[in-house]
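Remarks on the structure that follows.
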Amino acid sequence: MAVLKRLGAVYLIGVAVAMALYFIINPWHAESYDPGNIWGVLDILMVIALPLALDVNFRFKRTVDGRDSGEGITRRYLEANVVFYTTAALAILFLHNWFSTLVFGAELDNHRVWIIWATLNTLLPLALGVTGCRLWREASES
């Protein structure tokens, strides 16, 4: 089981790093080719990473919720809930924007859509990276 957790952790951290780095360097070369091709591949990687991150964060939340019942709000309880609900909100926002892009195409003049993508490409790597690090720690402890 530890090997699967480590593989999942490497995948989540890898997707987070790839997203963050490409989001940072994208403006420097976006005019020389179509960055939509690379984002298309990254979108598929994100679609695979999101259910994994939701599962990991839900299991952590369920463990903490059961263990901390009656004790009030602890740091672990707050961390588990914030990371889970943030990941869930980002997944909903990502899927909405991704399906809209698939159905309607990339609307180059729709600034609202690009602000949502910028928000996702900033926050999703953080959520996936944190989840990957937690999964790596779980694998080390077992």
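In the structure tokens, chains take the letters A, B, ... in the order shown, each chain's residues start at 1, and ligands count up from 1 in the order shown.
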Taking only C-alpha atoms into account, produce a table as a tab-separated table in which each residue of region 9-57 of chain A with an atom at most 8 Å from an atom of region 69-89 of chain A appears once, together with its shortest atom pair and the distance in Å to one decimal, ordered by chain and rising number.
```
residue	atom	partner	partner_atom	distance
A:Leu50	CA	A:Thr87	CA	7.8
A:Ala53	CA	A:Thr87	CA	7.3
A:Leu54	CA	A:Thr87	CA	6.5
A:Asn57	CA	A:Phe84	CA	5.0
```
Counting only C-alpha atoms, what are the residues of region 74-141 of chain A within 9 Å of region 5-25 of chain A, and for each of them which pair of atoms is the nearest and at what distance in Å, to one decimal? Sort the table by chain and rising number, as CSV.
```
residue,atom,partner,partner_atom,distance
A:Ala118,CA,A:Phe23,CA,8.3
A:Asn121,CA,A:Met19,CA,6.6
A:Thr122,CA,A:Ala20,CA,6.9
A:Leu124,CA,A:Ala16,CA,7.3
A:Pro125,CA,A:Ala16,CA,4.0
A:Leu126,CA,A:Ala16,CA,6.9
A:Ala127,CA,A:Ala16,CA,8.2
A:Leu128,CA,A:Leu12,CA,5.5
A:Gly129,CA,A:Ile13,CA,4.9
A:Val130,CA,A:Ile13,CA,8.1
A:Thr131,CA,A:Leu12,CA,7.3
A:Gly132,CA,A:Ala9,CA,4.1
A:Cys133,CA,A:Ala9,CA,6.4
A:Arg134,CA,A:Ala9,CA,7.9
A:Leu135,CA,A:Ala9,CA,5.4
A:Trp136,CA,A:Ala9,CA,5.4
A:Arg137,CA,A:Arg6,CA,8.8
A:Glu138,CA,A:Lys5,CA,7.5
A:Ala139,CA,A:Lys5,CA,5.6
A:Ser140,CA,A:Arg6,CA,8.5
```
Let me see the file: selected residues, C-alpha atoms, as a short mmCIF file (atom, residue, chain, number, x, y, z; two decimals), in the first residue's frame.
```cif
data_model
loop_
_atom_site.label_atom_id
_atom_site.label_comp_id
_atom_site.auth_asym_id
_atom_site.auth_seq_id
_atom_site.Cartn_x
_atom_site.Cartn_y
_atom_site.Cartn_z
CA ALA A 118 -5.83 31.98 -13.83
CA ASN A 121 -3.90 27.53 -12.33
CA THR A 122 -2.75 29.34 -9.20
CA LEU A 124 -4.99 23.98 -7.91
CA PRO A 125 -1.22 23.33 -7.85
CA LEU A 126 -1.19 24.36 -4.20
CA ALA A 127 -4.05 21.99 -3.31
CA LEU A 128 -2.54 19.10 -5.32
CA GLY A 129 0.93 19.74 -3.91
CA VAL A 130 -0.29 19.79 -0.30
CA THR A 131 -2.28 16.62 -0.91
CA GLY A 132 0.69 14.91 -2.56
CA CYS A 133 2.95 15.82 0.37
CA ARG A 134 0.38 14.47 2.85
CA LEU A 135 0.13 11.23 0.87
CA TRP A 136 3.93 10.93 0.84
CA ARG A 137 4.02 11.39 4.65
CA GLU A 138 1.30 8.75 5.06
CA ALA A 139 3.35 6.33 2.97
CA SER A 140 6.44 7.01 5.09
#
```
Identify which of the residues A:Asp65, A:Asp43, A:Asp55, A:Glu141 lies closest to Leu95 (chain A), counting only C-alpha atoms when measuring atom-to-atom distances.
A:Asp43
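Taking CA of His96 (chain A) and CA of Lys61 (chain A) as the two end points, the separation is 24.5 Å.
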Using only C-alpha atoms, which protein or nucleic acid residues come within 12 Å of Val113 (chain A)? Drop anything in the same chain fewer than 5 positions from it, and give the result as a PyMOL selection string.
chain A and resi 93-94+96-101+104-108+118-120
Atoms kept (N, CA, C and O atoms) for selection, written as an mmCIF file, in the first residue's frame:
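So selection05.cif came out as:
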```cif
data_model
loop_
_atom_site.group_PDB
_atom_site.id
_atom_site.type_symbol
_atom_site.label_atom_id
_atom_site.label_comp_id
_atom_site.auth_asym_id
_atom_site.auth_seq_id
_atom_site.Cartn_x
_atom_site.Cartn_y
_atom_site.Cartn_z
ATOM 1 N N LEU A 93 -15.172 24.015 -9.968
ATOM 2 C CA LEU A 93 -14.849 25.152 -10.830
ATOM 3 C C LEU A 93 -14.074 24.696 -12.062
ATOM 4 O O LEU A 93 -14.351 25.136 -13.181
ATOM 5 N N PHE A 94 -13.106 23.796 -11.858
ATOM 6 C CA PHE A 94 -12.320 23.285 -12.986
ATOM 7 C C PHE A 94 -13.210 22.558 -13.982
ATOM 8 O O PHE A 94 -13.135 22.803 -15.189
ATOM 9 N N HIS A 96 -16.424 22.733 -14.482
ATOM 10 C CA HIS A 96 -17.323 23.671 -15.159
ATOM 11 C C HIS A 96 -16.599 24.397 -16.292
ATOM 12 O O HIS A 96 -17.083 24.447 -17.416
ATOM 13 N N ASN A 97 -15.435 24.945 -15.989
ATOM 14 C CA ASN A 97 -14.693 25.697 -17.003
ATOM 15 C C ASN A 97 -14.200 24.782 -18.121
ATOM 16 O O ASN A 97 -14.221 25.148 -19.289
ATOM 17 N N TRP A 98 -13.738 23.583 -17.762
ATOM 18 C CA TRP A 98 -13.205 22.658 -18.755
ATOM 19 C C TRP A 98 -14.303 22.190 -19.703
ATOM 20 O O TRP A 98 -14.125 22.182 -20.922
ATOM 21 N N PHE A 99 -15.468 21.799 -19.134
ATOM 22 C CA PHE A 99 -16.578 21.378 -19.992
ATOM 23 C C PHE A 99 -17.059 22.534 -20.868
ATOM 24 O O PHE A 99 -17.391 22.332 -22.029
ATOM 25 N N SER A 100 -17.095 23.737 -20.316
ATOM 26 C CA SER A 100 -17.492 24.903 -21.120
ATOM 27 C C SER A 100 -16.527 25.111 -22.275
ATOM 28 O O SER A 100 -16.946 25.408 -23.399
ATOM 29 N N THR A 101 -15.247 24.945 -22.012
ATOM 30 C CA THR A 101 -14.247 25.096 -23.073
ATOM 31 C C THR A 101 -14.402 24.002 -24.124
ATOM 32 O O THR A 101 -14.287 24.269 -25.321
ATOM 33 N N PHE A 104 -17.962 24.910 -25.941
ATOM 34 C CA PHE A 104 -18.050 26.189 -26.651
ATOM 35 C C PHE A 104 -16.731 26.641 -27.267
ATOM 36 O O PHE A 104 -16.696 27.627 -27.981
ATOM 37 N N GLY A 105 -15.657 25.954 -26.967
ATOM 38 C CA GLY A 105 -14.347 26.370 -27.467
ATOM 39 C C GLY A 105 -13.757 27.460 -26.589
ATOM 40 O O GLY A 105 -14.402 27.974 -25.688
ATOM 41 N N ALA A 106 -12.520 27.787 -26.861
ATOM 42 C CA ALA A 106 -11.848 28.834 -26.096
ATOM 43 C C ALA A 106 -12.337 30.191 -26.574
ATOM 44 O O ALA A 106 -12.102 30.571 -27.717
ATOM 45 N N GLU A 107 -13.031 30.873 -25.712
ATOM 46 C CA GLU A 107 -13.550 32.195 -26.048
ATOM 47 C C GLU A 107 -12.472 33.222 -25.725
ATOM 48 O O GLU A 107 -12.291 33.606 -24.582
ATOM 49 N N LEU A 108 -11.750 33.662 -26.736
ATOM 50 C CA LEU A 108 -10.602 34.536 -26.520
ATOM 51 C C LEU A 108 -10.993 35.904 -25.973
ATOM 52 O O LEU A 108 -10.183 36.554 -25.321
ATOM 53 N N ALA A 118 -6.981 31.481 -14.578
ATOM 54 C CA ALA A 118 -5.828 31.977 -13.829
ATOM 55 C C ALA A 118 -5.956 31.625 -12.351
ATOM 56 O O ALA A 118 -4.969 31.229 -11.713
ATOM 57 N N THR A 119 -7.147 31.735 -11.811
ATOM 58 C CA THR A 119 -7.377 31.369 -10.411
ATOM 59 C C THR A 119 -7.125 29.876 -10.208
ATOM 60 O O THR A 119 -6.439 29.467 -9.258
ATOM 61 N N LEU A 120 -7.672 29.062 -11.101
ATOM 62 C CA LEU A 120 -7.461 27.610 -11.010
ATOM 63 C C LEU A 120 -5.984 27.242 -11.140
ATOM 64 O O LEU A 120 -5.484 26.400 -10.397
#
```
Take CA of Met1 (chain A) and CA of Arg62 (chain A) and report the distance between them in Å, one decimal.
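Atom-to-atom, CA of Met1 (chain A) to CA of Arg62 (chain A), that is 19.1 Å.
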Provide the CA of Asn37 (chain A) to CA of Leu102 (chain A) distance in Å, to one decimal place.
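Separation between CA of Asn37 (chain A) and CA of Leu102 (chain A): 13.0 Å.
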